[in-house]
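my_file_10.txt (compact mmCIF, C-alpha atoms)
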```
# COMPACT_ATOMS: atom_id res chain seq x y z
CA MET A 491 -18.59 146.45 -9.49
CA PRO A 492 -18.81 143.90 -12.23
CA ASN A 493 -22.54 143.64 -12.18
CA VAL A 494 -23.73 146.80 -10.51
CA LEU A 495 -24.90 148.44 -13.70
CA HIS A 496 -26.26 147.04 -16.90
CA LEU A 497 -28.17 148.30 -19.88
CA PHE A 498 -31.18 146.55 -21.21
CA HIS A 499 -33.91 147.18 -23.69
CA LYS A 500 -37.10 145.35 -24.43
CA PHE A 501 -37.08 143.28 -27.58
CA HIS A 502 -39.06 144.89 -30.41
CA SER A 503 -38.90 148.17 -28.51
CA SER A 504 -36.47 151.04 -28.07
CA ASN A 505 -36.92 151.17 -24.28
CA SER A 506 -33.90 150.24 -22.19
CA LEU A 507 -32.59 150.35 -18.66
CA LEU A 508 -29.26 150.34 -16.85
CA ILE A 509 -29.47 147.44 -14.39
CA CYS A 510 -27.60 145.14 -11.98
CA ARG A 511 -27.37 141.46 -13.02
CA PHE A 512 -31.08 140.77 -12.91
CA ASP A 513 -31.11 138.97 -16.27
CA ARG A 514 -33.56 136.32 -15.22
CA ASP A 515 -35.73 138.45 -12.95
CA CYS A 516 -36.05 141.30 -15.43
CA GLY A 517 -35.62 139.50 -18.71
CA TRP A 518 -37.04 136.00 -18.85
CA ARG A 519 -40.70 136.99 -18.69
CA THR A 520 -40.55 140.53 -20.07
CA GLY A 521 -38.08 139.91 -22.89
CA VAL A 522 -35.44 142.51 -22.11
CA GLN A 523 -31.85 142.52 -23.31
CA ILE A 524 -29.08 143.12 -20.77
CA LEU A 525 -26.11 145.32 -21.70
CA PRO A 526 -23.53 145.47 -18.89
CA VAL A 527 -21.59 148.50 -17.76
CA ASN A 528 -17.99 147.38 -17.34
CA CYS A 529 -16.23 148.12 -14.06
CA ASP A 530 -12.95 146.46 -13.10
CA SER A 531 -10.53 145.66 -10.29
CA SER A 532 -8.29 148.67 -10.97
CA ASN A 533 -10.49 150.68 -8.62
CA GLU A 534 -12.07 147.77 -6.71
CA PHE A 535 -14.99 147.61 -9.15
CA LYS A 536 -16.32 150.99 -8.11
CA ILE A 537 -18.89 152.67 -10.32
CA THR A 538 -17.52 155.66 -12.18
CA LYS A 539 -19.14 158.41 -14.21
CA ALA A 540 -16.90 157.42 -17.12
CA ALA A 541 -18.17 153.83 -17.09
CA LEU A 542 -21.76 155.02 -16.97
CA GLU A 543 -21.26 157.44 -19.83
CA ALA A 544 -19.46 154.83 -21.93
CA ALA A 545 -22.28 152.32 -21.52
CA TYR A 546 -24.92 154.97 -22.17
CA GLU A 547 -23.19 156.19 -25.32
CA LYS A 548 -22.74 152.64 -26.58
CA ALA A 549 -26.45 152.03 -26.10
CA GLN A 550 -27.28 155.19 -27.99
CA GLU A 551 -25.02 154.13 -30.87
CA ASP A 552 -26.84 150.81 -30.99
CA GLY A 553 -30.19 152.56 -31.19
CA ILE A 554 -31.19 151.69 -27.62
CA ASN A 555 -33.22 154.26 -25.72
CA VAL A 556 -32.07 153.99 -22.11
CA LYS A 557 -34.96 154.30 -19.66
CA GLY A 558 -33.40 153.72 -16.27
CA LEU A 559 -30.67 152.57 -13.95
CA LEU A 560 -30.99 149.65 -11.52
CA ILE A 561 -28.41 149.09 -8.79
CA ALA A 562 -27.99 146.76 -5.82
CA ASN A 563 -26.80 148.34 -2.59
CA PRO A 564 -25.24 146.54 -0.74
CA SER A 565 -23.79 144.86 -3.78
CA ASN A 566 -24.39 141.37 -5.02
CA PRO A 567 -21.86 139.80 -5.72
CA LEU A 568 -19.20 142.13 -4.24
CA GLY A 569 -20.59 142.23 -0.71
CA ASN A 570 -19.90 145.92 -0.08
CA VAL A 571 -21.88 149.13 0.25
CA LEU A 572 -21.96 152.11 -2.08
CA ASP A 573 -20.47 155.25 -0.58
CA ARG A 574 -22.21 158.60 -0.42
CA GLU A 575 -20.20 160.11 -3.28
CA THR A 576 -21.07 157.24 -5.60
CA LEU A 577 -24.75 157.40 -4.73
CA ARG A 578 -24.81 161.14 -5.34
CA SER A 579 -23.17 160.62 -8.73
CA LEU A 580 -25.81 158.05 -9.65
CA VAL A 581 -28.64 160.41 -8.74
CA SER A 582 -26.98 163.17 -10.75
CA PHE A 583 -26.51 160.85 -13.71
CA VAL A 584 -30.15 159.77 -13.92
CA ASN A 585 -31.28 163.37 -13.59
CA GLU A 586 -28.95 164.48 -16.38
CA LYS A 587 -30.27 161.73 -18.65
CA ASN A 588 -33.85 161.98 -17.35
CA ILE A 589 -33.99 158.24 -16.69
CA HIS A 590 -35.26 156.29 -13.68
CA LEU A 591 -33.17 154.99 -10.79
CA VAL A 592 -34.29 151.75 -9.11
CA CYS A 593 -32.23 150.84 -6.05
CA ASP A 594 -32.44 147.28 -4.69
CA GLU A 595 -31.67 147.52 -0.96
CA ILE A 596 -32.52 143.93 -0.06
CA TYR A 597 -29.23 143.45 1.87
CA ALA A 598 -29.50 146.76 3.77
CA ALA A 599 -29.30 145.24 7.28
CA THR A 600 -26.59 142.66 6.54
CA VAL A 601 -23.74 145.16 7.04
CA PHE A 602 -21.32 143.72 9.58
CA SER A 603 -18.47 146.27 9.59
CA SER A 604 -17.78 149.85 8.53
CA PRO A 605 -18.61 151.74 6.44
CA SER A 606 -22.30 151.79 7.24
CA PHE A 607 -25.15 151.45 4.78
CA ILE A 608 -26.55 154.61 3.19
CA SER A 609 -29.96 154.43 1.57
CA ILE A 610 -30.67 156.25 -1.66
CA SER A 611 -33.62 157.83 0.18
CA GLU A 612 -31.13 159.67 2.37
CA ILE A 613 -29.26 160.95 -0.67
CA VAL A 614 -32.30 162.45 -2.36
CA THR A 615 -33.00 164.55 0.74
CA GLU A 616 -29.54 166.07 0.48
CA MET A 617 -29.61 167.23 -3.13
CA GLU A 618 -31.91 168.77 -5.66
CA CYS A 619 -33.26 166.14 -8.02
CA ASN A 620 -36.41 164.91 -9.67
CA ARG A 621 -37.75 162.50 -7.05
CA ASP A 622 -40.25 161.07 -9.52
CA LEU A 623 -37.27 159.21 -11.00
CA ILE A 624 -36.28 157.47 -7.73
CA HIS A 625 -37.62 154.04 -6.68
CA ILE A 626 -36.54 151.62 -3.92
CA VAL A 627 -37.22 147.89 -3.71
CA TYR A 628 -36.79 145.80 -0.56
CA SER A 629 -37.69 142.41 0.89
CA LEU A 630 -37.52 140.56 4.19
CA SER A 631 -35.85 137.60 2.47
CA LYS A 632 -32.25 138.44 3.38
CA ASP A 633 -32.17 140.70 6.43
CA MET A 634 -34.73 138.66 8.38
CA GLY A 635 -34.09 135.30 6.72
CA LEU A 636 -37.65 134.95 5.44
CA PRO A 637 -37.37 134.14 1.70
CA GLY A 638 -40.28 131.72 1.82
CA PHE A 639 -42.70 134.45 2.87
CA ARG A 640 -42.28 136.17 -0.50
CA VAL A 641 -42.89 139.61 1.00
CA GLY A 642 -41.38 142.66 -0.66
CA VAL A 643 -41.74 146.41 -0.72
CA VAL A 644 -41.66 149.00 -3.50
CA TYR A 645 -41.11 152.52 -2.20
CA SER A 646 -41.42 155.19 -4.85
CA TYR A 647 -41.66 158.97 -5.00
CA ASN A 648 -43.59 158.58 -8.24
CA ASP A 649 -47.38 158.45 -7.83
CA ALA A 650 -47.84 156.79 -11.22
CA ALA A 651 -45.40 154.01 -10.29
CA VAL A 652 -47.13 153.46 -6.93
CA SER A 653 -50.53 153.33 -8.61
CA CYS A 654 -49.27 150.78 -11.10
CA GLY A 655 -47.73 148.73 -8.28
CA ARG A 656 -51.02 148.66 -6.40
CA LYS A 657 -52.82 147.33 -9.45
CA MET A 658 -50.17 144.68 -10.16
CA SER A 659 -50.06 143.56 -6.50
CA SER A 660 -53.48 141.94 -6.90
CA PHE A 661 -51.68 139.13 -8.71
CA GLY A 662 -49.41 138.43 -5.74
CA LEU A 663 -51.24 139.32 -2.58
CA VAL A 664 -49.76 138.46 0.82
CA SER A 665 -52.07 136.31 2.93
CA SER A 666 -53.71 137.86 5.98
CA GLN A 667 -52.03 135.24 8.20
CA THR A 668 -48.59 136.21 6.88
CA GLN A 669 -49.33 139.91 7.29
CA HIS A 670 -50.45 139.39 10.89
CA LEU A 671 -47.34 137.37 11.75
CA LEU A 672 -44.96 139.87 10.17
CA ALA A 673 -46.70 142.86 11.73
CA SER A 674 -46.41 141.26 15.17
CA MET A 675 -42.74 140.50 14.61
CA LEU A 676 -41.77 143.91 13.21
CA LEU A 677 -43.65 145.75 15.95
CA ASP A 678 -41.44 144.01 18.49
CA GLU A 679 -38.58 146.47 18.15
CA GLU A 680 -36.51 144.79 20.86
CA PHE A 681 -36.64 141.45 19.06
CA VAL A 682 -35.81 142.96 15.65
CA GLY A 683 -32.95 145.00 17.09
CA ASN A 684 -31.42 142.01 18.90
CA PHE A 685 -31.89 139.80 15.84
CA LEU A 686 -30.06 142.18 13.51
CA VAL A 687 -27.23 142.75 15.98
CA GLU A 688 -26.70 139.02 16.41
CA SER A 689 -26.95 138.47 12.65
CA SER A 690 -24.23 141.08 12.01
CA LYS A 691 -21.96 139.47 14.61
CA ARG A 692 -22.34 136.04 13.06
CA LEU A 693 -21.81 137.34 9.53
CA ALA A 694 -18.65 139.16 10.63
CA LYS A 695 -17.28 136.08 12.37
CA ARG A 696 -17.97 133.77 9.44
CA HIS A 697 -16.64 136.25 6.89
CA HIS A 698 -13.39 136.66 8.85
CA MET A 699 -13.03 132.92 9.33
CA PHE A 700 -13.43 132.18 5.65
CA THR A 701 -11.41 135.01 4.12
CA GLU A 702 -8.58 134.52 6.62
CA GLY A 703 -8.45 130.85 5.74
CA LEU A 704 -8.19 131.73 2.05
CA GLU A 705 -5.42 134.26 2.69
CA GLN A 706 -3.35 131.51 4.29
CA VAL A 707 -3.11 129.81 0.90
CA GLY A 708 -2.56 132.99 -1.06
CA ILE A 709 -6.12 133.59 -2.23
CA SER A 710 -7.19 137.20 -1.92
CA CYS A 711 -10.70 138.59 -1.86
CA LEU A 712 -12.16 142.00 -2.51
CA LYS A 713 -12.65 143.87 0.75
CA SER A 714 -16.29 143.54 1.72
CA ASN A 715 -18.51 144.32 4.69
CA ALA A 716 -22.08 143.33 3.83
CA GLY A 717 -24.25 140.66 2.29
CA LEU A 718 -23.97 136.90 2.40
CA PHE A 719 -21.04 136.48 0.02
CA PHE A 720 -17.63 137.81 -1.00
CA TRP A 721 -15.71 138.23 -4.27
CA MET A 722 -12.80 135.78 -4.54
CA ASP A 723 -9.82 136.33 -6.84
CA LEU A 724 -8.62 133.14 -8.57
CA ARG A 725 -7.06 134.81 -11.60
CA ARG A 726 -3.64 133.34 -10.93
CA LEU A 727 -5.09 129.84 -11.22
CA LEU A 728 -6.43 130.36 -14.74
CA LYS A 729 -4.62 128.60 -17.58
CA GLU A 730 -5.72 131.42 -19.84
CA GLN A 731 -7.20 134.82 -19.01
CA THR A 732 -10.46 134.27 -20.87
CA VAL A 733 -14.07 133.41 -20.08
CA GLU A 734 -13.33 129.91 -21.40
CA GLY A 735 -10.41 129.66 -18.98
CA GLU A 736 -12.64 130.78 -16.13
CA MET A 737 -15.30 128.22 -16.98
CA ALA A 738 -12.66 125.48 -17.24
CA LEU A 739 -11.47 126.34 -13.72
CA TRP A 740 -15.07 126.46 -12.48
CA ARG A 741 -15.71 122.95 -13.84
CA VAL A 742 -12.65 121.66 -11.99
CA ILE A 743 -13.82 123.29 -8.76
CA ILE A 744 -17.29 121.79 -9.18
CA ASN A 745 -16.29 118.30 -10.36
CA LYS A 746 -12.96 117.71 -8.61
CA VAL A 747 -12.86 119.97 -5.56
CA LYS A 748 -16.62 119.47 -5.00
CA LEU A 749 -17.28 123.08 -4.12
CA ASN A 750 -19.85 125.28 -5.78
CA VAL A 751 -18.96 128.90 -6.43
CA SER A 752 -20.38 131.25 -9.05
CA PRO A 753 -18.04 132.36 -11.87
CA GLY A 754 -17.71 136.07 -12.45
CA SER A 755 -18.89 135.75 -16.04
CA SER A 756 -22.34 134.84 -14.69
CA PHE A 757 -22.41 138.40 -13.31
CA HIS A 758 -21.06 139.96 -16.53
CA CYS A 759 -17.65 140.55 -14.95
CA SER A 760 -15.22 141.67 -17.65
CA GLU A 761 -12.19 140.20 -15.84
CA PRO A 762 -12.01 136.36 -15.89
CA GLY A 763 -11.04 134.68 -12.65
CA TRP A 764 -13.32 136.30 -10.09
CA PHE A 765 -15.82 134.08 -8.25
CA ARG A 766 -18.67 134.77 -5.83
CA VAL A 767 -18.62 132.70 -2.65
CA CYS A 768 -21.63 132.38 -0.32
CA PHE A 769 -20.43 131.98 3.26
CA ALA A 770 -23.57 132.43 5.35
CA ASN A 771 -25.36 129.16 4.72
CA MET A 772 -23.16 126.59 6.49
CA ASP A 773 -21.90 125.75 9.95
CA ASP A 774 -18.32 126.19 11.17
CA GLU A 775 -17.51 122.52 10.67
CA THR A 776 -18.54 122.71 7.03
CA VAL A 777 -16.43 125.84 6.55
CA GLU A 778 -13.41 123.86 7.76
CA VAL A 779 -14.17 121.17 5.19
CA ALA A 780 -14.42 123.78 2.44
CA LEU A 781 -11.13 125.39 3.45
CA LYS A 782 -9.40 122.01 3.63
CA ARG A 783 -10.50 121.22 0.08
CA ILE A 784 -9.36 124.61 -1.17
CA ARG A 785 -5.96 124.21 0.49
CA GLU A 786 -5.44 120.85 -1.11
CA PHE A 787 -6.52 122.17 -4.50
CA VAL A 788 -4.28 125.24 -4.36
CA GLY A 789 -1.41 123.06 -3.15
CA GLU A 790 -1.75 120.96 -6.28
CA LYS A 791 -2.04 123.98 -8.55
CA ASP A 792 0.81 125.89 -6.93
CA GLU A 793 3.57 123.33 -6.39
CA ALA A 794 6.18 126.02 -5.95
CA LYS A 795 4.47 127.13 -2.75
CA PRO A 796 2.57 124.21 -1.29
CA ALA A 797 0.07 125.13 1.36
CA GLN A 798 1.43 124.42 4.85
CA VAL A 799 -1.63 125.12 6.89
CA LYS A 800 -2.75 123.28 9.97
CA THR A 801 -6.36 122.27 9.69
CA LYS A 802 -8.85 121.23 12.29
CA ARG A 803 -9.28 117.47 12.33
CA LEU A 804 -12.84 116.60 11.44
CA PRO A 805 -14.79 113.66 12.83
CA ASN A 806 -14.83 110.66 10.52
CA LYS A 807 -18.59 110.52 10.73
CA LEU A 808 -18.92 113.78 8.79
CA GLN A 809 -20.22 112.68 5.41
CA LEU A 810 -20.34 115.36 2.77
CA GLN A 811 -23.08 115.15 0.23
CA LEU A 812 -23.55 117.56 -2.62
CA SER A 813 -27.14 118.51 -3.21
CA PHE A 814 -26.70 119.41 -6.85
CA SER A 815 -29.52 118.51 -9.22
CA ALA A 816 -28.41 117.26 -12.61
CA ARG A 817 -30.39 119.89 -14.43
CA ARG A 818 -29.21 122.80 -12.33
CA TYR A 819 -25.59 122.01 -13.14
CA ASP A 820 -26.03 121.04 -16.75
CA GLU A 821 -23.69 123.42 -18.58
CA SER A 822 -26.34 124.13 -21.19
CA VAL A 823 -28.50 125.49 -18.40
CA LEU A 824 -25.94 126.82 -15.92
CA SER A 825 -24.04 129.19 -18.16
CA PRO A 826 -22.72 132.71 -17.55
CA HIS A 827 -25.68 134.03 -19.53
CA VAL A 828 -28.36 132.06 -17.69
CA MET A 829 -27.25 131.81 -14.07
CA SER A 830 -28.93 134.12 -11.62
CA PRO A 831 -27.81 135.06 -8.09
CA HIS A 832 -31.47 135.56 -7.22
CA SER A 833 -32.76 132.01 -7.69
CA PRO A 834 -35.18 130.76 -5.00
CA VAL A 835 -32.60 128.05 -4.27
CA PRO A 836 -29.18 129.77 -4.06
CA LEU A 837 -26.92 128.81 -6.95
CA SER A 838 -23.74 129.08 -4.96
CA PRO A 839 -23.72 127.48 -1.54
CA LEU A 840 -19.98 126.86 -1.28
CA VAL A 841 -20.54 123.50 0.37
CA ARG A 842 -23.72 121.57 1.06
CA ALA A 843 -23.02 119.17 3.90
CA ARG A 844 -24.93 116.88 6.19
CA ASN A 845 -23.89 114.57 8.98
```
Do you think you could lay out the structure here as structure tokens?
Amino acid sequence: MPNVLHLFHKFHSSNSLLICRFDRDCGWRTGVQILPVNCDSSNEFKITKAALEAAYEKAQEDGINVKGLLIANPSNPLGNVLDRETLRSLVSFVNEKNIHLVCDEIYAATVFSSPSFISISEIVTEMECNRDLIHIVYSLSKDMGLPGFRVGVVYSYNDAAVSCGRKMSSFGLVSSQTQHLLASMLLDEEFVGNFLVESSKRLAKRHHMFTEGLEQVGISCLKSNAGLFFWMDLRRLLKEQTVEGEMALWRVIINKVKLNVSPGSSFHCSEPGWFRVCFANMDDETVEVALKRIREFVGEKDEAKPAQVKTKRLPNKLQLQLSFSARRYDESVLSPHVMSPHSPVPLSPLVRARN
């Protein structure tokens, strides 16, 4: 995927890490440099051993000592899960290089269609490897919709890493009230089970509704089955196949179409024209508004094949209001090198609407 793997090293140090588009989270406070591993649409952005080796070798040539690999599974921004073969190849790779593997599984329970999610913890039980190199991070923010609780988990096979985590946790302790509430909720297995089943159904319905609507106007998306977003292909709408062309199209979508999507360059995608779309943070009526705007926009851009799609008539009282702050959408701030898909306030709600 375009952002699944990246290299980074700490400034004034030779340490580095292969990571997944966590520029802000991993770099802003610690001072690390991100070096992406390029994957492309020729194989649906799948991670390959060749891509890993190429990035690793490039880092070595640049004098960067790679220290680890960080992946997101399910993927952000692709919205799909890593298959067993890929996960096994990642474990083999880190063992060959003697580097760490950190797997972010924050979207583990958002899978809404096959194939199912496979945790890296399952993979390490199937093969011989150095488990001291394997670490898993998780949070209740996505699966249970509790981002404000700021509760996360680090699961590691490495005693030194766990010991360090315990010491660092004193700077971000979870209140006793929050712990009691969450323990009560998670112990109610019937509630949690029903919640996740219903969540998957709603995600599947919304995903189908949105992607089908895009297909009607000739916009394709990468096949996905998890997460809160999908990967939309707008390459044919670019005036030029460059990052500048992508950003020009993004500005039009923001300023004229009044929709907010994240450009692929903000995820280090090497192919201009891909955009991440969040679909799980709006109601059905708002989705219809978004699709109507997209149809009109594509109709203008593609005069040879104007969109002839019947749309649901919306009540006149629906007043759309964009909740964009001036600073957040200042291009000097919101650039492909600064944007983060992990902001506390999502950077890419496709439409923000209120009655």
Requested in this report: To one decimal in Å, tell me the separation between CA of Ser760 in chain A and CA of Asn528 in chain A.
Outcome: 6.4 Å
Report task. Could you tell me which of A:Glu680, A:Glu730, A:Glu547, A:Asp515 comes closest to Val527 in chain A if we count only C-alpha atoms? Result -> A:Glu547
Long-range neighbours of Asp649 in chain A as an mmCIF file with C-alpha atoms, keeping the file's coordinate frame, 12 Å cut-off, only C-alpha atoms, 5 positions minimum in chain:
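Final output, result18.cif:
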```cif
data_model
loop_
_atom_site.group_PDB
_atom_site.id
_atom_site.type_symbol
_atom_site.label_atom_id
_atom_site.label_comp_id
_atom_site.auth_asym_id
_atom_site.auth_seq_id
_atom_site.Cartn_x
_atom_site.Cartn_y
_atom_site.Cartn_z
ATOM 1 C CA ARG A 621 -37.750 162.500 -7.050
ATOM 2 C CA ASP A 622 -40.250 161.070 -9.520
ATOM 3 C CA LEU A 623 -37.270 159.210 -11.000
ATOM 4 C CA ILE A 624 -36.280 157.470 -7.730
ATOM 5 C CA HIS A 625 -37.620 154.040 -6.680
ATOM 6 C CA VAL A 644 -41.660 149.000 -3.500
ATOM 7 C CA CYS A 654 -49.270 150.780 -11.100
ATOM 8 C CA GLY A 655 -47.730 148.730 -8.280
ATOM 9 C CA ARG A 656 -51.020 148.660 -6.400
#
```
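With distances taken over all atoms listed in the file, A:Ala770 is the one residue among A:Leu577, A:Leu630, A:Cys619, A:Ala770 lying closest to Leu693 in chain A.
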Under the rule of at most 9 Å, produce a per-residue listing of range 530-609 of chain A near range 633-636 of chain A: chain, number, name, the closest pair of atoms, and the distance in Å, as a tab-separated table, using all atoms listed in the file.
```
residue	atom	partner	partner_atom	distance
A:Ile596	CA	A:Asp633	CA	7.3
A:Tyr597	CA	A:Asp633	CA	6.1
A:Ala598	CA	A:Asp633	CA	7.1
A:Ala599	CA	A:Asp633	CA	5.4
A:Thr600	CA	A:Asp633	CA	5.9
```
Query raised in the report: What is the CA of Met617 in chain A to CA of Ser579 in chain A distance in Å?
Result: 10.8 Å
Query - For Arg726 in chain A: contacts at 10 Å, only C-alpha atoms, fewer than 5 positions along chain excluded, given as a count of residues only - result: 6
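The neighbours of Cys711 in chain A here are the residues that come within 8 Å of it, using all atoms listed in the file and leaving out any residue fewer than 5 positions away in the same chain; they are Thr701, Phe720, Trp721, Met722 and Asp723 of chain A.
Separating CA of Asn566 in chain A from CA of Ser653 in chain A is a distance of 29.0 Å.
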Query raised in the report: Within 8 Å of range 581-594 of chain A, counting all atoms listed in the file, which residues qualify if same-chain residues fewer than 4 places away don't, as a ChimeraX atom specification?
Result: /A:539,556-563,577,610,614,619-620,623-628
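Nearest-residue note for Val742 in chain A: choosing from A:Ile524, A:Asp774, A:Ile784, A:Lys695, the minimum distance belongs to A:Ile784, counting only C-alpha atoms.
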**Report entry** Residue nearest Phe602 in chain A - candidates A:Cys759, A:Leu686, A:Leu704, A:Val779, atoms counted: all atoms listed in the file
**Finding:** A:Leu686
Residues near range 661-664 of chain A, anyone? I mean within 9 Å using only C-alpha atoms, not counting same-chain ones fewer than 6 positions away, as a PDB file with C-alpha atoms, in the frame of the given file.
```
ATOM      1  CA  PHE A 639     -42.700 134.450   2.870  1.00  0.00           C
ATOM      2  CA  ARG A 640     -42.280 136.170  -0.500  1.00  0.00           C
ATOM      3  CA  VAL A 641     -42.890 139.610   1.000  1.00  0.00           C
TER       4      VAL A 641
END
```
**Report entry** Selected residue of minimal separation from Met772 in chain A among A:Leu712, A:Leu718, A:Ala544, A:Leu724, counting all atoms listed in the file
**Finding:** A:Leu718
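Distances from A:Gly717, A:Ser665, A:Met675, A:Arg725 to Pro567 in chain A were compared using only C-alpha atoms, and the smallest one belongs to A:Gly717.
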